[in-house]
Structures are given as C-alpha cells and as structure tokens.
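Novice: Below you will find the structure I want to go over with you.
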Amino acid sequence: MTPLPPIARTVLPFAGAASLIIAWQYLLPLAGVPAYIVPTPTAVMAVLARDAALLTGHFWPTAVEAGAGFLIGNLAAILLAVVFVHSRVLQAAYFPVVLFFNTIPILALSPIIILIFGLGMTPKIVIAAVICFFPTLINMIRGLDSAGPSEHELFRMLSASRWEVFWRLRLPRSLPLLFSSLRISSATAVIGAIVGEWIGSDKGLGALIIQATFNYQSDRLYAAIVLSSLLAIAIFAVVVAAERLLVREP
Amino acid sequence: MQPAVRAVGLDVGYPTAGEPVTVITGLDLVVEAGSFLSILGPSGCGKSTLLRVVADLLPPLAGTVEVLGATAAAVRSRRDVAFVFQDSTLLPWRTVRQNVCLPLQVGRSRLTRAISDRSEALLDLMGLSGFGERYPNQLSGGQRQRVAIARALMGEPKLLLMDEPFGALDEITRDRLNDELLNLWRRTGTTILFVTHSIAEAAYLGERVLVLAANPGRILLDRDLKPIKQPQNRCTREDPALVAAMAELRAALAEAS
C-alpha cells in the first residue's frame, strides 16, 4: 500500500469522527432508538452548555483525583523500580508479593480502600494511584534493565559511578517504556477516580454518572461521559508533551 | 621501555551462575608498547575474554597481568585504556557529538572541559565532520563504528582494545576502515590489541599476529610480520609475502580445529 499524503492523514481522522457523529445524530433516531437510551449529539451538546456550572462542579473533583492519583501512583512505581533494579535481594523478596497484589481486581479492592480512607477525595486518589502503579512498575523495571552488556561495559571502562550509570544510561534507556506506560495510565487514572466515586461519593463525574443513570437523565449521563473522556485526553496530551521534551530520538 | 601488556601464567574465563568457565590457561604474553597486535582465533577460543581481562572488565582466574607497568584496574581508572566493542554501543538518545563527548561527562577521572574542543578534531579525523548533530540511527554501520573509535580516542588512551570492531561491516567498508585505523595508529603511537576472526584483517593490520586455538584456549602461533611490512607496518593486500603469511595463519587455524 502506498502511504497517504500528509493532508489526508490530518483530515481523515476528523472526517471519520464526523461521519460517526452524523450517523449517530440522524440514523439512530430514524432507527427508532429512544432518546432516553441514546440522546443525539446535539442534545448532549445542549446539556453541556445548559448545565455547564453543574458539570464543571463535578468535573474538578474527578480531575484532581485522577491527576493526583496519576502522579502519586506513577511516582511510587518509578521509585520502587529504581530500588528493585539496584537491590536484587529486595527485588527477589518483594516483587512476587507485588505481582500477587496486581492480581486482585481493582473493583474488589476499592471497597477496602474506601473503608480505610473514608468518603473524601483520598480513597479515590488511592484507587487511581493503585491502578496506575503496577503497569508502570513492571515497565520501569524492564526499562531500567534494558541497557545491554556492552553499554554497561562502556560505562565501566569510563569508571562511571552507580549514579552516573543510572542518570546517563539506565534512566534514558527506560524512558520509551516509561512513557508507553504513562500513556496507558492517563486513561486508567480517570477510570480509577470514577470507580472510587461510584462506590461512595456525591461529588465528581462518577457520582454524576450514577445519579444521572438512576434518574433517566441520559443526556446528562452522556455529557458526563464526554467530560471523563476529555479529562483522559488532557492527561494524555500532557504525557505526550513531556515525552516530546524528554525523549530526544528522531 | 615498559611493555604495554605483560601476562604471566594467565588463566582467563568468564563467570557463570556456578563455577567460572576457564577458556585460556597458562598464557604468557608480552606486548611491546606502541605495537599493533592482531589476535586471531575461532569463536570460543577466549580472545574477547582475554581482551576483557586486560581491560579489567573481568578479573583473571589465575596468574598476573600487568598493563602499562601497573595493574589493569589502575590503568582503567586513570583512563589510559579504551575499548571499542563489536556493536558500536552508541547511546541512541545522544547525537554523534554528544556520544563522542561522553567520556567528558562520566567517571571519576573525567577529563576537563578545557580539552572538549577535541571532539571537533576527532570527528574530522574520523571523516565525520558535518555529522556531529546527527543521531546514531541516521548513520551507516561504518559511520557508527567511526564514532565509537572517536569516542575511544577522546581520552587519548595509551592502549586501545578492539573487539571485532569491524565484524558486522561489509568488506569494502571494512577495508577502508582498516586503512584509516592504520593511519590513526601511525599518527598516535597508541598500542592496539585487535581481536578478529578474519585472517585477512589480522594479517593486514598486525605487526604481529597471535593465533589462538579453542578447547583449551592457547597460543598456537605467534607470528612477527614486521620484517615483511617495512616501513611502519606498510604493505599492500596483494603483497606475496603477506599472502604467504596468511596461508601460514590459515594452516595453523586448520590444524587447531
């Protein structure tokens, strides 16, 4: 297949999205799908405009929880990975335990976290952090260990200190894997915050989703979904910008 | 004059999960300072392992090795020895210039900023002027090895250890880099230990060729080529004396296996 011209590659994603939105707007009502199940895009847009104050009131708590969870979970994972690659003993002792915790479904763990931390923002931040933690830990360990034997020999020939090997070799080597994990966490952090809000909260997009569902306010439900997705996209955009800045490979 | 390398009763091997595996036993070797020694042998004869012991990347299993009149560890930590690996080992996130300057940024006895201008001269010397801002994945295999050599020369080493540096290159590029390496050696007076499994390369480059055998690793033939390569290790690849020497090396290798 010949590659598409650049203009087509820029325009086509928008055309694709637009075609689906138009189909949703006009074909679904024609097919007899009632508005209380699937409201039209224009109805959702109208709610976004009409209920802007209410929606932003619920948006910010979720944004803060997802953002803080993202930062704390990934930072903890990076630091633990650094400890693990520098101490084979600690890694052998605790990595299997960490892997075991990873098998507990987050939905099963969430009520316990809420029992421990109560009903405020903290349990939501913890759930978002936990959900970000494991993939980043595993990717970061692999990334920090991904320098080849001759690269380590090169640094040994230069009498590099452990710190220099970490800073000039292990860390830059790990960045591509770290960022692929961060890109995934940008969406999972939002999932973690919303799951936390489902279980016990009257604030946040998760709480709004539950309320709107029980009240058959499907246009408001869809508006909350759109905002959740925008939140994940915003975190994703920050990650991509940071990657452009830090990973200098053409 | 102090020899560049003096090994007495040297056993070398590489570590494994259990006991280390010995590949060469009882090696006695003196390498004259300023000379160009080729080390030729089949896979598994321990030629790379020997180079790593001289570099202090591996400890000797028995015997002693003296480098530039001191211990291998002392020489490595004062940066008098440099290593060129089979794969160029360039850091992909650094430009060519940043890779060449790595020795200025790392290590206890790091070089001072005052001589950082050397990077420009070294890039010129290796035919890389204008490539300083490129990244390694924008270079050919031969260019990458040139960068690796420039980086090794950054610290003005007295001893240059090369582990099959041109092994992955096509023959035309390899021949050209062989000539460049000889020019470099004549200009700098650095002692070079050059490991290869190419008979032609070993004979063309070395003033002296050591043929190693495998299982057990030992010196099979120690051939001085100086008499047929005068002056200053010069000869053509078609020189009948060189061709005869290559036949001799080939026969020694055939006998070993």
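By convention in this document, the chains of the structure tokens carry letters A, B, ... by their order, each chain's residues are numbered from 1, and ligands are numbered from 1 in the order they are shown.
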Excluding Ile39 in chain B and any residue of its chain fewer than 6 positions from it, enumerate the residues within 8 Å of it, using only C-alpha atoms, and give them as a PyMOL selection string.
Specialist: chain B and resi 47+193-196+202+209-212
Novice: Please provide the set of residues having any atom within 9 Å of range 182-196 of chain A, restricted to only C-alpha atoms, with same-chain residues fewer than 6 positions apart removed, written as JSON, numbers by chain.
Specialist: {"A": [62, 63, 65, 66, 67, 68, 69, 70, 73, 74, 106, 107, 110, 111, 113, 114, 121, 123, 124, 125, 126, 127, 128, 129, 130, 131, 132, 133, 135, 136, 204, 205, 206, 207, 209, 228, 229, 231, 232, 233, 234, 235, 236, 237, 239, 240]}
Novice: Grab the residues selected above and save them as a compact mmCIF listing (two decimals), in the first residue's frame with N, CA and C atoms.
Specialist:
# COMPACT_ATOMS: atom_id res chain seq x y z
N THR A 62 -13.07 15.12 40.09
CA THR A 62 -12.55 13.95 39.38
C THR A 62 -11.18 14.26 38.77
N ALA A 63 -11.04 15.48 38.21
CA ALA A 63 -9.76 15.86 37.60
C ALA A 63 -8.65 15.86 38.65
N GLU A 65 -8.62 14.19 41.53
CA GLU A 65 -8.37 12.82 41.98
C GLU A 65 -7.55 12.05 40.95
N ALA A 66 -7.97 12.14 39.68
CA ALA A 66 -7.26 11.39 38.63
C ALA A 66 -5.83 11.91 38.49
N GLY A 67 -5.68 13.25 38.50
CA GLY A 67 -4.35 13.84 38.33
C GLY A 67 -3.43 13.48 39.49
N ALA A 68 -3.95 13.61 40.72
CA ALA A 68 -3.12 13.29 41.88
C ALA A 68 -2.80 11.80 41.91
N GLY A 69 -3.81 10.96 41.61
CA GLY A 69 -3.58 9.51 41.57
C GLY A 69 -2.54 9.15 40.53
N PHE A 70 -2.63 9.79 39.36
CA PHE A 70 -1.67 9.55 38.28
C PHE A 70 -0.25 9.87 38.76
N GLY A 73 0.75 7.49 41.94
CA GLY A 73 0.92 6.08 41.56
C GLY A 73 2.14 5.86 40.69
N ASN A 74 2.33 6.72 39.69
CA ASN A 74 3.46 6.55 38.79
C ASN A 74 4.78 6.88 39.47
N ILE A 106 -9.30 -4.43 40.80
CA ILE A 106 -9.40 -3.12 41.45
C ILE A 106 -10.80 -2.91 42.02
N LEU A 107 -11.82 -3.50 41.37
CA LEU A 107 -13.19 -3.34 41.88
C LEU A 107 -13.39 -4.05 43.21
N SER A 110 -11.43 -1.76 45.86
CA SER A 110 -11.93 -0.41 46.12
C SER A 110 -12.72 -0.28 47.41
N PRO A 111 -13.67 -1.20 47.72
CA PRO A 111 -14.41 -1.04 48.98
C PRO A 111 -13.48 -1.03 50.19
N ILE A 113 -10.38 0.02 50.26
CA ILE A 113 -9.69 1.31 50.28
C ILE A 113 -10.62 2.39 50.84
N ILE A 114 -11.92 2.30 50.48
CA ILE A 114 -12.88 3.29 50.99
C ILE A 114 -13.11 3.09 52.48
N MET A 121 -11.85 12.71 49.22
CA MET A 121 -11.12 12.54 47.95
C MET A 121 -10.02 11.49 48.06
N PRO A 123 -9.61 8.33 49.18
CA PRO A 123 -9.72 6.96 48.64
C PRO A 123 -9.74 6.93 47.12
N LYS A 124 -10.33 7.96 46.49
CA LYS A 124 -10.36 8.00 45.02
C LYS A 124 -8.95 8.18 44.46
N ILE A 125 -8.17 9.05 45.13
CA ILE A 125 -6.78 9.25 44.70
C ILE A 125 -6.01 7.94 44.85
N VAL A 126 -6.27 7.24 45.99
CA VAL A 126 -5.55 5.98 46.21
C VAL A 126 -5.91 4.95 45.14
N ILE A 127 -7.19 4.84 44.82
CA ILE A 127 -7.61 3.86 43.80
C ILE A 127 -6.97 4.20 42.45
N ALA A 128 -7.00 5.50 42.08
CA ALA A 128 -6.38 5.91 40.81
C ALA A 128 -4.88 5.61 40.84
N ALA A 129 -4.26 5.84 41.99
CA ALA A 129 -2.81 5.59 42.09
C ALA A 129 -2.51 4.10 41.96
N VAL A 130 -3.31 3.27 42.64
CA VAL A 130 -3.07 1.81 42.60
C VAL A 130 -3.20 1.30 41.16
N ILE A 131 -4.19 1.82 40.45
CA ILE A 131 -4.44 1.33 39.09
C ILE A 131 -3.30 1.74 38.15
N CYS A 132 -2.65 2.88 38.43
CA CYS A 132 -1.52 3.32 37.60
C CYS A 132 -0.23 2.58 37.97
N PHE A 133 -0.17 2.14 39.22
CA PHE A 133 1.10 1.70 39.81
C PHE A 133 1.71 0.48 39.11
N PRO A 135 1.34 -1.36 36.11
CA PRO A 135 1.94 -1.37 34.76
C PRO A 135 3.22 -0.54 34.70
N THR A 136 3.23 0.60 35.41
CA THR A 136 4.42 1.44 35.37
C THR A 136 5.59 0.77 36.08
N GLY A 204 -18.21 14.61 41.84
CA GLY A 204 -17.37 14.03 40.82
C GLY A 204 -18.17 13.41 39.69
N LEU A 205 -17.50 13.18 38.56
CA LEU A 205 -18.17 12.66 37.37
C LEU A 205 -18.73 11.27 37.61
N GLY A 206 -18.05 10.47 38.43
CA GLY A 206 -18.54 9.12 38.74
C GLY A 206 -19.87 9.19 39.47
N ALA A 207 -19.95 10.09 40.46
CA ALA A 207 -21.20 10.27 41.19
C ALA A 207 -22.29 10.77 40.25
N ILE A 209 -22.51 10.27 37.06
CA ILE A 209 -22.92 9.17 36.17
C ILE A 209 -23.96 8.29 36.87
N SER A 228 -15.47 12.91 31.05
CA SER A 228 -14.47 11.92 31.52
C SER A 228 -13.44 11.66 30.43
N SER A 229 -13.95 11.51 29.22
CA SER A 229 -13.06 11.23 28.10
C SER A 229 -12.13 12.42 27.84
N LEU A 231 -11.11 14.51 30.01
CA LEU A 231 -10.13 14.53 31.09
C LEU A 231 -8.97 13.58 30.77
N ALA A 232 -9.30 12.37 30.33
CA ALA A 232 -8.24 11.40 29.97
C ALA A 232 -7.40 11.94 28.82
N ILE A 233 -8.05 12.58 27.84
CA ILE A 233 -7.31 13.13 26.70
C ILE A 233 -6.36 14.24 27.18
N ALA A 234 -6.84 15.04 28.12
CA ALA A 234 -5.99 16.14 28.62
C ALA A 234 -4.73 15.59 29.30
N ILE A 235 -4.91 14.55 30.15
CA ILE A 235 -3.73 13.96 30.80
C ILE A 235 -2.81 13.34 29.75
N PHE A 236 -3.42 12.65 28.78
CA PHE A 236 -2.65 12.05 27.69
C PHE A 236 -1.83 13.11 26.96
N ALA A 237 -2.44 14.26 26.69
CA ALA A 237 -1.74 15.33 25.97
C ALA A 237 -0.53 15.83 26.76
N VAL A 239 1.19 14.05 28.89
CA VAL A 239 2.20 12.99 28.81
C VAL A 239 2.95 13.07 27.48
N VAL A 240 2.21 13.23 26.39
CA VAL A 240 2.85 13.29 25.07
C VAL A 240 3.78 14.50 24.97
Novice: Compile the residues of chain A that lie within 6 Å of chain B, evaluated using only C-alpha atoms, and express the compilation as a ChimeraX atom specification.
Specialist: /A:151,158-160,248-249
Novice: Go ahead and save the residues from that selection, with N, CA and C atoms, as a CSV table (one decimal), in the first residue's frame.
Specialist:
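Here's the written file selection_34.csv:
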chain,number,residue,atom,x,y,z
A,151,GLU,N,26.9,-1.9,26.8
A,151,GLU,CA,26.7,-0.5,27.3
A,151,GLU,C,27.2,-0.4,28.7
A,158,LEU,N,34.7,3.7,31.6
A,158,LEU,CA,34.8,5.1,31.9
A,158,LEU,C,34.8,5.4,33.4
A,159,SER,N,34.9,4.3,34.2
A,159,SER,CA,34.8,4.3,35.7
A,159,SER,C,33.6,5.1,36.2
A,160,ALA,N,32.5,4.9,35.5
A,160,ALA,CA,31.3,5.7,35.9
A,160,ALA,C,30.8,5.2,37.3
A,248,ARG,N,14.6,12.4,23.3
A,248,ARG,CA,15.2,13.0,22.1
A,248,ARG,C,15.8,12.0,21.1
A,249,GLU,N,14.9,11.3,20.5
A,249,GLU,CA,15.3,10.3,19.5
A,249,GLU,C,14.5,10.7,18.2
Novice: Could you go through range 157-216 of chain B and tell me which residues DSSP, when run on the backbone, assigns to helix (DSSP H, G or I), listing them as JSON, numbers by chain?
Specialist: {"B": [171, 172, 173, 174, 175, 176, 177, 178, 179, 180, 181, 182, 183, 184, 185, 186, 187, 188, 199, 200, 201, 202, 203, 204, 205]}
Novice: From the DSSP assignment of the backbone, select every residue of range 47-188 of chain B that is strand (DSSP E), and format the answer as a count of residues only.
Specialist: 17
Novice: Need to verify the contact set: Val8 in chain B, 6 Å, only C-alpha atoms, exclusion of same-chain residues closer than 5 positions in sequence. Can you return it as a list in words?
Specialist: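 Here the qualifying residues turn out to be Asp28, Gly63 and Thr64 of chain B.
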Novice: Can you write out the residues you just picked, keeping N, CA and C atoms, as an mmCIF file, in the first residue's frame?
Specialist:
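Writing the result to selection_26.cif gives the following:
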data_model
loop_
_atom_site.group_PDB
_atom_site.id
_atom_site.type_symbol
_atom_site.label_atom_id
_atom_site.label_comp_id
_atom_site.auth_asym_id
_atom_site.auth_seq_id
_atom_site.Cartn_x
_atom_site.Cartn_y
_atom_site.Cartn_z
ATOM 1 N N ASP B 28 51.334 -16.845 28.597
ATOM 2 C CA ASP B 28 52.433 -15.912 28.810
ATOM 3 C C ASP B 28 52.517 -15.028 27.582
ATOM 4 N N GLY B 63 47.168 -16.298 37.748
ATOM 5 C CA GLY B 63 48.264 -15.600 37.092
ATOM 6 C C GLY B 63 48.124 -14.103 37.231
ATOM 7 N N THR B 64 49.040 -13.384 36.591
ATOM 8 C CA THR B 64 49.009 -11.935 36.704
ATOM 9 C C THR B 64 49.009 -11.289 35.332
#
